[in-house]
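upload15.cif (mmCIF, C-alpha atoms) appears below.
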data_work
loop_
_atom_site.label_atom_id
_atom_site.label_comp_id
_atom_site.auth_asym_id
_atom_site.auth_seq_id
_atom_site.Cartn_x
_atom_site.Cartn_y
_atom_site.Cartn_z
CA MET A 6 -10.09 43.45 -39.69
CA ALA A 7 -8.22 40.99 -37.52
CA SER A 8 -11.36 39.00 -36.92
CA GLY A 9 -12.04 38.94 -40.69
CA MET A 10 -8.53 37.70 -41.37
CA GLY A 11 -9.04 35.03 -38.72
CA VAL A 12 -12.21 33.88 -40.46
CA ASP A 13 -10.42 33.77 -43.82
CA GLU A 14 -7.59 31.79 -42.32
CA ASP A 15 -10.05 29.39 -40.69
CA SER A 16 -11.97 29.01 -43.95
CA GLY A 17 -8.69 28.45 -45.79
CA GLU A 18 -7.70 25.75 -43.34
CA THR A 19 -11.17 24.24 -43.58
CA LYS A 20 -11.04 24.35 -47.38
CA GLY A 21 -7.63 22.77 -47.40
CA GLY A 22 -8.79 20.04 -45.05
CA MET A 23 -11.84 19.32 -47.20
CA TRP A 24 -9.67 19.20 -50.31
CA GLU A 25 -7.36 16.68 -48.71
CA LEU A 26 -10.36 14.63 -47.57
CA ASP A 27 -11.78 14.66 -51.12
CA GLN A 28 -8.44 13.50 -52.46
CA LYS A 29 -8.36 10.63 -49.98
CA LEU A 30 -11.91 9.62 -50.90
CA ASP A 31 -11.29 9.89 -54.66
CA GLN A 32 -8.08 7.87 -54.61
CA PRO A 33 -9.67 4.43 -54.04
CA MET A 34 -12.44 5.32 -56.52
CA ASP A 35 -9.85 6.20 -59.16
CA GLU A 36 -8.07 2.91 -58.52
CA GLU A 37 -11.35 1.03 -58.84
CA ALA A 38 -12.14 2.85 -62.08
CA GLY A 39 -8.75 1.87 -63.44
CA ARG A 40 -9.33 -1.76 -62.55
CA LEU A 41 -12.73 -1.71 -64.24
CA ARG A 42 -11.32 -0.18 -67.40
CA ASN A 43 -8.66 -2.87 -67.55
CA MET A 44 -11.26 -5.54 -66.86
CA TYR A 45 -13.58 -4.58 -69.70
CA ARG A 46 -11.00 -3.43 -72.23
CA GLU A 47 -10.65 -5.79 -75.18
CA LYS A 48 -8.12 -8.37 -74.07
CA THR A 49 -5.84 -10.74 -75.90
CA PHE A 50 -6.41 -14.19 -74.47
CA SER A 51 -3.93 -17.00 -74.57
CA SER A 52 -4.81 -19.86 -76.87
CA LEU A 53 -5.43 -22.24 -73.97
CA LEU A 54 -7.70 -19.80 -72.13
CA LEU A 55 -9.62 -19.04 -75.33
CA LEU A 56 -10.20 -22.74 -75.96
CA ARG A 57 -11.39 -23.20 -72.39
CA LEU A 58 -13.85 -20.32 -72.64
CA ALA A 59 -15.09 -21.53 -76.02
CA PHE A 60 -15.62 -24.98 -74.52
CA GLN A 61 -17.57 -23.57 -71.56
CA SER A 62 -19.71 -21.43 -73.86
CA LEU A 63 -21.07 -24.61 -75.45
CA GLY A 64 -22.81 -25.50 -72.19
CA VAL A 65 -24.32 -22.05 -71.66
CA VAL A 66 -24.98 -20.45 -75.04
CA TYR A 67 -25.79 -23.15 -77.59
CA GLY A 68 -28.21 -25.52 -75.88
CA ASP A 69 -31.28 -24.06 -77.61
CA LEU A 70 -29.72 -23.97 -81.07
CA GLY A 71 -28.45 -27.51 -80.61
CA THR A 72 -31.85 -29.02 -79.82
CA SER A 73 -33.71 -27.38 -82.72
CA PRO A 74 -33.14 -30.38 -85.06
CA LEU A 75 -35.55 -32.33 -82.85
CA TYR A 76 -38.62 -30.57 -84.21
CA VAL A 77 -37.80 -28.33 -87.20
CA PHE A 78 -38.83 -30.63 -90.07
CA TYR A 79 -42.05 -31.71 -88.37
CA ASN A 80 -43.13 -28.09 -87.79
CA THR A 81 -42.19 -27.21 -91.35
CA PHE A 82 -44.36 -30.04 -92.74
CA PRO A 83 -47.10 -30.54 -90.11
CA HIS A 84 -49.43 -32.09 -92.73
CA GLY A 85 -46.83 -34.37 -94.26
CA ILE A 86 -44.55 -34.19 -97.29
CA ASP A 87 -46.19 -34.32 -100.71
CA ASP A 88 -43.09 -33.95 -102.87
CA THR A 89 -39.52 -34.85 -101.92
CA GLU A 90 -38.36 -31.72 -103.74
CA ASP A 91 -40.01 -29.77 -100.91
CA VAL A 92 -37.47 -31.35 -98.54
CA ILE A 93 -34.65 -29.91 -100.65
CA GLY A 94 -36.29 -26.47 -100.60
CA ALA A 95 -36.83 -26.56 -96.84
CA LEU A 96 -33.25 -27.70 -96.28
CA SER A 97 -31.99 -24.85 -98.45
CA LEU A 98 -34.02 -22.40 -96.35
CA ILE A 99 -32.54 -23.85 -93.15
CA ILE A 100 -28.98 -23.69 -94.49
CA TYR A 101 -29.24 -20.04 -95.51
CA SER A 102 -31.14 -19.07 -92.35
CA LEU A 103 -28.28 -20.47 -90.25
CA THR A 104 -25.69 -18.83 -92.48
CA LEU A 105 -27.20 -15.36 -92.72
CA ILE A 106 -28.56 -14.82 -89.21
CA PRO A 107 -26.47 -16.66 -86.59
CA LEU A 108 -23.20 -16.82 -88.54
CA LEU A 109 -22.95 -13.59 -90.53
CA LYS A 110 -25.27 -11.28 -88.59
CA TYR A 111 -24.66 -12.28 -84.98
CA VAL A 112 -21.22 -13.89 -84.86
CA PHE A 113 -19.42 -11.43 -87.12
CA ILE A 114 -21.48 -8.20 -86.85
CA VAL A 115 -23.80 -7.91 -83.86
CA CYS A 116 -21.36 -9.36 -81.33
CA ARG A 117 -18.92 -6.56 -82.17
CA ALA A 118 -21.50 -3.92 -81.17
CA ASN A 119 -21.03 -4.63 -77.46
CA ASP A 120 -20.86 -2.20 -74.56
CA ASN A 121 -17.47 -2.87 -72.93
CA GLY A 122 -18.05 -6.59 -73.23
CA GLN A 123 -21.74 -6.42 -72.28
CA GLY A 124 -24.36 -7.68 -74.73
CA GLY A 125 -28.12 -7.46 -74.98
CA THR A 126 -30.83 -4.97 -75.86
CA PHE A 127 -30.05 -2.50 -73.09
CA ALA A 128 -26.35 -2.61 -73.94
CA LEU A 129 -27.17 -1.35 -77.43
CA TYR A 130 -29.49 1.28 -75.96
CA SER A 131 -26.77 2.41 -73.58
CA LEU A 132 -24.40 2.90 -76.52
CA LEU A 133 -27.00 5.00 -78.34
CA CYS A 134 -27.67 7.14 -75.29
CA ARG A 135 -23.97 7.65 -74.80
CA HIS A 136 -23.37 9.00 -78.29
CA ALA A 137 -26.68 10.84 -78.76
CA LYS A 138 -28.57 13.15 -76.39
CA MET A 139 -31.50 10.87 -75.76
CA LYS A 140 -32.20 12.39 -72.29
CA THR A 141 -33.50 9.09 -70.95
CA ILE A 142 -30.25 7.86 -69.39
CA PRO A 143 -28.01 10.73 -68.18
CA ASN A 144 -24.68 9.07 -68.85
CA GLN A 145 -22.79 11.81 -70.66
CA HIS A 146 -21.31 13.48 -67.56
CA ARG A 147 -17.59 13.82 -67.12
CA THR A 148 -17.80 12.11 -63.73
CA ASP A 149 -19.23 9.01 -65.37
CA GLU A 150 -16.26 8.81 -67.69
CA GLU A 151 -13.81 9.18 -64.81
CA LEU A 152 -15.38 6.78 -62.33
CA THR A 153 -16.87 4.02 -64.52
CA THR A 154 -16.13 2.05 -67.67
CA TYR A 155 -17.78 4.86 -69.63
CA SER A 156 -16.15 5.49 -72.99
CA ARG A 157 -17.26 7.39 -76.07
CA SER A 158 -15.84 7.51 -79.58
CA THR A 159 -16.14 10.39 -82.03
CA PHE A 160 -17.14 10.33 -85.68
CA HIS A 161 -17.17 12.70 -88.62
CA GLU A 162 -20.11 15.09 -88.75
CA HIS A 163 -20.98 14.07 -92.33
CA SER A 164 -20.90 10.34 -91.62
CA PHE A 165 -23.96 8.11 -91.52
CA ALA A 166 -23.60 7.81 -87.73
CA ALA A 167 -23.71 11.60 -87.34
CA LYS A 168 -26.80 11.84 -89.55
CA THR A 169 -28.51 9.12 -87.52
CA LYS A 170 -27.61 10.95 -84.31
CA ARG A 171 -29.16 14.20 -85.56
CA TRP A 172 -32.25 12.34 -86.74
CA LEU A 173 -32.78 10.76 -83.31
CA GLU A 174 -32.21 14.04 -81.48
CA ALA A 175 -34.55 16.07 -83.72
CA TYR A 176 -37.89 15.18 -82.09
CA PRO A 177 -38.75 13.91 -78.58
CA PHE A 178 -41.22 11.33 -79.88
CA ARG A 179 -38.38 9.53 -81.69
CA LYS A 180 -36.50 9.14 -78.41
CA THR A 181 -39.64 7.86 -76.68
CA SER A 182 -40.38 5.48 -79.55
CA LEU A 183 -36.85 4.10 -79.34
CA LEU A 184 -37.23 3.50 -75.60
CA ILE A 185 -40.54 1.72 -76.14
CA LEU A 186 -38.92 -0.40 -78.86
CA VAL A 187 -36.12 -1.36 -76.46
CA VAL A 188 -38.59 -2.38 -73.74
CA VAL A 189 -40.68 -4.39 -76.22
CA GLY A 190 -37.55 -6.10 -77.55
CA THR A 191 -36.48 -7.00 -74.02
CA CYS A 192 -39.94 -8.40 -73.25
CA MET A 193 -39.78 -10.51 -76.40
CA LEU A 194 -36.38 -11.83 -75.35
CA ILE A 195 -37.76 -12.76 -71.92
CA GLY A 196 -40.73 -14.47 -73.58
CA ASP A 197 -38.40 -16.38 -75.87
CA GLY A 198 -36.36 -17.43 -72.85
CA ILE A 199 -39.50 -18.81 -71.21
CA LEU A 200 -41.05 -20.56 -74.20
CA THR A 201 -38.13 -22.11 -76.08
CA PRO A 202 -36.69 -24.14 -73.15
CA ALA A 203 -40.12 -25.69 -72.67
CA ILE A 204 -40.38 -26.57 -76.37
CA SER A 205 -36.85 -27.95 -76.51
CA VAL A 206 -37.10 -30.04 -73.36
CA LEU A 207 -40.57 -31.34 -74.23
CA SER A 208 -39.37 -32.38 -77.69
CA ALA A 209 -36.34 -34.11 -76.21
CA SER A 210 -38.49 -35.89 -73.62
CA GLY A 211 -40.75 -37.09 -76.43
CA GLY A 212 -37.92 -39.42 -77.45
CA ILE A 213 -38.94 -41.67 -74.54
CA LYS A 214 -41.96 -42.76 -76.56
CA VAL A 215 -39.65 -44.19 -79.22
CA ASP A 216 -38.80 -47.09 -76.89
CA HIS A 217 -42.21 -47.02 -75.17
CA PRO A 218 -44.81 -46.11 -77.83
CA LYS A 219 -47.71 -46.92 -75.49
CA MET A 220 -46.55 -44.44 -72.85
CA SER A 221 -48.99 -41.65 -72.06
CA ASN A 222 -48.20 -38.08 -73.08
CA ASP A 223 -48.78 -37.05 -69.46
CA VAL A 224 -45.68 -39.00 -68.43
CA VAL A 225 -43.62 -37.17 -71.07
CA VAL A 226 -44.88 -33.82 -69.76
CA VAL A 227 -44.01 -34.74 -66.17
CA VAL A 228 -40.49 -35.79 -67.19
CA ALA A 229 -40.06 -32.49 -69.08
CA VAL A 230 -41.22 -30.50 -66.03
CA ILE A 231 -38.75 -32.33 -63.77
CA ILE A 232 -35.89 -31.61 -66.19
CA LEU A 233 -36.87 -27.92 -66.42
CA VAL A 234 -37.03 -27.57 -62.64
CA PHE A 235 -33.58 -29.14 -62.37
CA LEU A 236 -32.13 -26.87 -65.08
CA PHE A 237 -33.43 -23.71 -63.43
CA SER A 238 -32.44 -24.87 -59.94
CA VAL A 239 -28.74 -25.09 -60.87
CA GLN A 240 -28.59 -21.59 -62.34
CA HIS A 241 -27.63 -20.01 -59.01
CA TYR A 242 -24.30 -21.86 -59.04
CA GLY A 243 -23.05 -19.40 -61.66
CA THR A 244 -21.92 -19.49 -65.26
CA ASP A 245 -18.55 -21.10 -64.56
CA ARG A 246 -19.92 -24.21 -62.84
CA VAL A 247 -22.93 -24.51 -65.14
CA GLY A 248 -20.62 -24.23 -68.14
CA TRP A 249 -18.29 -26.97 -66.90
CA LEU A 250 -21.30 -29.19 -66.10
CA PHE A 251 -23.11 -28.96 -69.43
CA ALA A 252 -20.29 -28.22 -71.88
CA PRO A 253 -19.15 -31.90 -72.18
CA ILE A 254 -22.76 -32.99 -72.70
CA VAL A 255 -23.46 -30.37 -75.37
CA LEU A 256 -20.14 -31.04 -77.12
CA LEU A 257 -20.88 -34.77 -77.23
CA TRP A 258 -24.38 -33.98 -78.54
CA PHE A 259 -23.09 -31.86 -81.40
CA LEU A 260 -20.45 -34.42 -82.38
CA LEU A 261 -22.98 -37.26 -82.34
CA VAL A 262 -25.70 -35.49 -84.34
CA GLY A 263 -23.08 -34.28 -86.81
CA GLY A 264 -21.73 -37.80 -87.20
CA ILE A 265 -25.23 -39.20 -87.66
CA GLY A 266 -25.83 -36.57 -90.32
CA ILE A 267 -22.73 -37.67 -92.25
CA TYR A 268 -23.85 -41.31 -92.04
CA ASN A 269 -27.38 -40.51 -93.28
CA ILE A 270 -26.06 -38.46 -96.21
CA TRP A 271 -23.87 -41.38 -97.25
CA LYS A 272 -26.52 -44.06 -96.72
CA TYR A 273 -29.73 -42.50 -98.01
CA ASP A 274 -29.30 -39.72 -100.56
CA SER A 275 -26.23 -37.56 -101.10
CA SER A 276 -28.14 -35.54 -103.71
CA VAL A 277 -29.53 -33.41 -100.87
CA LEU A 278 -26.25 -31.48 -101.01
CA ARG A 279 -27.71 -29.55 -103.95
CA ALA A 280 -29.74 -27.66 -101.33
CA PHE A 281 -26.67 -25.45 -100.87
CA SER A 282 -27.79 -23.77 -104.09
CA PRO A 283 -30.28 -20.97 -103.25
CA VAL A 284 -32.22 -21.61 -106.45
CA TYR A 285 -34.14 -24.35 -104.61
CA ILE A 286 -35.57 -21.72 -102.27
CA TYR A 287 -37.16 -19.99 -105.26
CA ARG A 288 -38.47 -23.29 -106.59
CA TYR A 289 -39.86 -24.17 -103.15
CA PHE A 290 -42.01 -21.04 -102.96
CA ARG A 291 -43.03 -21.29 -106.60
CA ARG A 292 -44.20 -24.86 -106.06
CA ARG A 293 -45.96 -24.13 -102.73
CA LYS A 294 -47.75 -20.88 -103.46
CA LYS A 295 -50.52 -21.51 -100.92
CA ASP A 296 -48.68 -22.69 -97.82
CA GLY A 297 -45.04 -21.96 -98.60
CA TRP A 298 -44.91 -18.82 -96.50
CA THR A 299 -46.72 -20.41 -93.56
CA SER A 300 -44.04 -23.11 -93.40
CA LEU A 301 -41.49 -20.43 -92.54
CA GLY A 302 -42.66 -20.73 -88.94
CA GLY A 303 -41.00 -24.13 -88.79
CA ILE A 304 -37.89 -22.86 -90.56
CA MET A 305 -37.53 -20.08 -87.99
CA LEU A 306 -37.30 -22.70 -85.24
CA SER A 307 -33.90 -23.66 -86.65
CA ILE A 308 -32.45 -20.35 -85.42
CA THR A 309 -34.16 -20.10 -82.02
CA GLY A 310 -31.59 -19.37 -79.37
CA THR A 311 -29.47 -17.21 -81.67
CA GLU A 312 -30.06 -14.19 -79.42
CA ALA A 313 -28.05 -15.93 -76.71
CA LEU A 314 -24.88 -15.36 -78.75
CA PHE A 315 -25.19 -11.64 -78.06
CA ALA A 316 -26.98 -11.68 -74.71
CA ASP A 317 -24.34 -13.90 -73.09
CA LEU A 318 -21.38 -11.72 -74.04
CA ALA A 319 -21.13 -10.64 -70.40
CA HIS A 320 -20.11 -14.23 -69.58
CA PHE A 321 -17.80 -14.96 -72.53
CA PRO A 322 -15.64 -12.83 -74.84
CA VAL A 323 -16.54 -12.35 -78.48
CA SER A 324 -13.65 -14.48 -79.69
CA ALA A 325 -14.81 -17.48 -77.62
CA ILE A 326 -18.36 -17.21 -78.97
CA GLN A 327 -17.05 -16.96 -82.53
CA LEU A 328 -14.68 -19.90 -82.14
CA ALA A 329 -17.27 -22.26 -80.66
CA PHE A 330 -19.91 -21.43 -83.25
CA THR A 331 -17.76 -21.56 -86.37
CA VAL A 332 -15.77 -24.69 -85.44
CA ILE A 333 -18.35 -26.87 -83.66
CA VAL A 334 -21.94 -25.59 -83.70
CA PHE A 335 -22.40 -24.37 -87.28
CA PRO A 336 -20.91 -27.36 -89.16
CA CYS A 337 -22.63 -29.91 -86.88
CA LEU A 338 -26.02 -28.24 -87.34
CA LEU A 339 -25.60 -28.20 -91.12
CA LEU A 340 -24.68 -31.89 -91.07
CA THR A 341 -27.60 -32.98 -88.89
CA TYR A 342 -30.21 -31.06 -90.92
CA THR A 343 -28.74 -32.35 -94.18
CA GLY A 344 -28.71 -35.90 -92.79
CA GLN A 345 -32.37 -35.69 -91.78
CA ALA A 346 -33.26 -34.37 -95.22
CA ALA A 347 -31.40 -37.29 -96.83
CA TYR A 348 -33.40 -39.71 -94.66
CA LEU A 349 -36.70 -38.01 -95.53
CA MET A 350 -35.97 -38.25 -99.24
CA GLN A 351 -36.58 -42.01 -98.94
CA ASN A 352 -38.90 -41.98 -95.89
CA LYS A 353 -41.09 -38.91 -96.26
CA GLU A 354 -43.86 -40.52 -94.18
CA HIS A 355 -41.58 -40.37 -91.11
CA VAL A 356 -41.49 -36.58 -90.90
CA VAL A 357 -43.23 -36.55 -87.50
CA ASP A 358 -40.21 -38.05 -85.72
CA ALA A 359 -37.53 -37.83 -88.40
CA PHE A 360 -34.76 -37.08 -85.90
CA TYR A 361 -35.24 -40.30 -83.91
CA ARG A 362 -35.99 -42.48 -86.92
CA SER A 363 -32.85 -41.34 -88.73
CA ILE A 364 -30.59 -42.58 -85.91
CA PRO A 365 -28.61 -45.60 -87.21
CA GLY A 366 -29.45 -48.92 -85.59
CA MET A 367 -32.85 -47.82 -84.30
CA PRO A 368 -35.08 -50.91 -84.41
CA CYS A 369 -37.96 -50.38 -86.82
CA SER A 370 -40.33 -52.36 -84.59
CA LEU A 371 -40.03 -49.68 -81.93
CA LEU A 372 -40.95 -46.91 -84.35
CA THR A 373 -44.04 -48.40 -85.91
#

Rendering of file as structure tokens:
Amino acid sequence: MASGMGVDEDSGETKGGMWELDQKLDQPMDEEAGRLRNMYREKTFSSLLLLRLAFQSLGVVYGDLGTSPLYVFYNTFPHGIDDTEDVIGALSLIIYSLTLIPLLKYVFIVCRANDNGQGGTFALYSLLCRHAKMKTIPNQHRTDEELTTYSRSTFHEHSFAAKTKRWLEAYPFRKTSLLILVVVGTCMLIGDGILTPAISVLSASGGIKVDHPKMSNDVVVVVAVIILVFLFSVQHYGTDRVGWLFAPIVLLWFLLVGGIGIYNIWKYDSSVLRAFSPVYIYRYFRRRKKDGWTSLGGIMLSITGTEALFADLAHFPVSAIQLAFTVIVFPCLLLTYTGQAAYLMQNKEHVVDAFYRSIPGMPCSLLT
């Protein structure tokens, strides 16, 4: 009896000691969890900080979108322009592509579907797994909610979200199909990140031949490779330094191409502004029944890089992305595409290098 009581007392002391040890170990973890929650909770930024972050985002997020005007019209009309009305139709397609996908879809809808400030394909998948029993990522434990930035909202059982949840949970093959779709989408994003910088840099390097028309294409390729190696070599310095390095350059680029667009609209043909009417899209496809749909490949190049608006949310808040796009990027892109279209209305034979030829003061002797 006495020995049993001694064992119970020892076990009680041991249990009490273990409990105190657990409390000591959990305390710093609880503090860390609190800091993480505060870090990723939606914050209200000061106006000055928001402007600074929006400025930095120009150098990180919008480089691909900003260089698309270099090659969009040429890839839309690779065999030349037969009718100037086709330029109006293509411009209308570009305007509404930029408005519907980057502006309305990404800036105002998709960017709000973030995972505690994180964007990207796996962030969306994490949100789905958190609210539905997908059984691929076990992140619905109470410990996850206490020790991480885990959070989960509730919704009415008759809502569309609840019906979607039950539909996903009904059969295992749906969960597997969703996972495969996420992996494929991520692979496509990686492929886009590999291909589009090469296209953009190569198109920009092609401007060297404007001043040196006899230069070999091999030289242009070598210059593009050197630029790409430099761009990738500075990535390890981090988003903050890369943003400060490239943001002034990208901002100057957008202001210049936007200004050139205004000048070209005024000088060549202001009637291109009628492209803001979507009726010209219908007329474009009605007039080009054979190759109208194939030209959409070139139109799609005008929105390459849009995925960066969502994927780079881990670096910048939603409000900074929205501010930079709506105030600087979107209006400047509309102006530069409209300016090129105005130039092509009177110089449709220059579609191959319309961007360079439409620059004011460019000597014609260098472009012939």

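Taking atom CA of A:Leu338 as the reference point, atom CA of A:Ala313 is found at 16.4 Å.
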
Any chance you could resolve the PyMOL selection byres ((chain A and resi 212) around 12) against this file and give the residues as a ChimeraX atom specification?
/A:75-76,205-211,213-218,220,222,224-226,228-229,357-362,364,367,371-372

Give me, please, the distance in Å between atom CA of A:Ala325 and atom CA of A:Ala59, quoted to one decimal.
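About the pair atom CA of A:Ala325 and atom CA of A:Ala59: they are 4.4 Å apart.
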
As AutoDock Vina command-line options, please: the centre and edge lengths in Å, to one decimal, of an axis-aligned box enclosing every listed atom of stretch 116-123 of chain A with 8 Å added on each side.
--center_x -19.6 --center_y -5.8 --center_z -77.2 --size_x 20.3 --size_y 23.2 --size_z 25.9

Considering only C-alpha atoms, state which residue in the set A:Leu98, A:Ile195, A:Cys134, A:Leu318 is at the smallest distance from A:Ser62.
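Among the listed residues, the smallest separation from A:Ser62 belongs to A:Leu318.
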
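Proximity to A:Ile254 was assessed for A:Leu55, A:Tyr342, A:Gly71, A:Ile308 counting only C-alpha atoms; the smallest distance is recorded for A:Gly71.
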
Atom CA of A:Thr331 to atom CA of A:Asp245: how many Å, to one decimal?
21.8 Å

Find the residue from A:Cys116, A:Gly297, A:Ile265, A:Tyr285 that sits nearest to A:Cys337; use all atoms listed in the file when measuring.
A:Ile265

For A:Val247, which residue among A:Lys168, A:Tyr273, A:Phe235, A:Gly263 is the nearest when counting all atoms listed in the file?
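The shortest atom-to-atom distance to A:Val247 comes from A:Phe235.
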
List the residues matched by the PyMOL selection byres ((chain A and resi 178-181) around 12) in the displayed structure as a ChimeraX atom specification, ordered by chain and then by residue number.
/A:130,133-134,137-142,169-177,182-188

Could you list, as an MDAnalysis selection string, every residue within 9 Å of A:Phe281, counting only C-alpha atoms and ignoring same-chain residues fewer than 2 positions away?
chainID A and resid 96:97 100:101 277:279 283:285

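Take the PyMOL selection byres ((chain A and resi 264) around 12) and apply it to this file: it picks A:Leu257, A:Trp258, A:Phe259, A:Leu260, A:Leu261, A:Val262, A:Gly263, A:Ile265, A:Gly266, A:Ile267, A:Tyr268, A:Asn269, A:Ile270, A:Trp271, A:Ile333, A:Pro336, A:Cys337, A:Leu338, A:Leu339, A:Leu340, A:Thr341, A:Tyr342, A:Thr343, A:Gly344, A:Gln345, A:Ser363, A:Ile364, A:Pro365.
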
Measuring between all atoms listed in the file, which one of A:Val239, A:Leu194, A:Leu314, A:Ala118 shows the shortest distance to A:Leu328?
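The closest residue to A:Leu328 is A:Leu314.
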
Shortest contact to A:Gln327, candidates A:Leu56, A:Leu103, A:Ile93, A:Val112, atoms counted only C-alpha atoms, goes to A:Val112
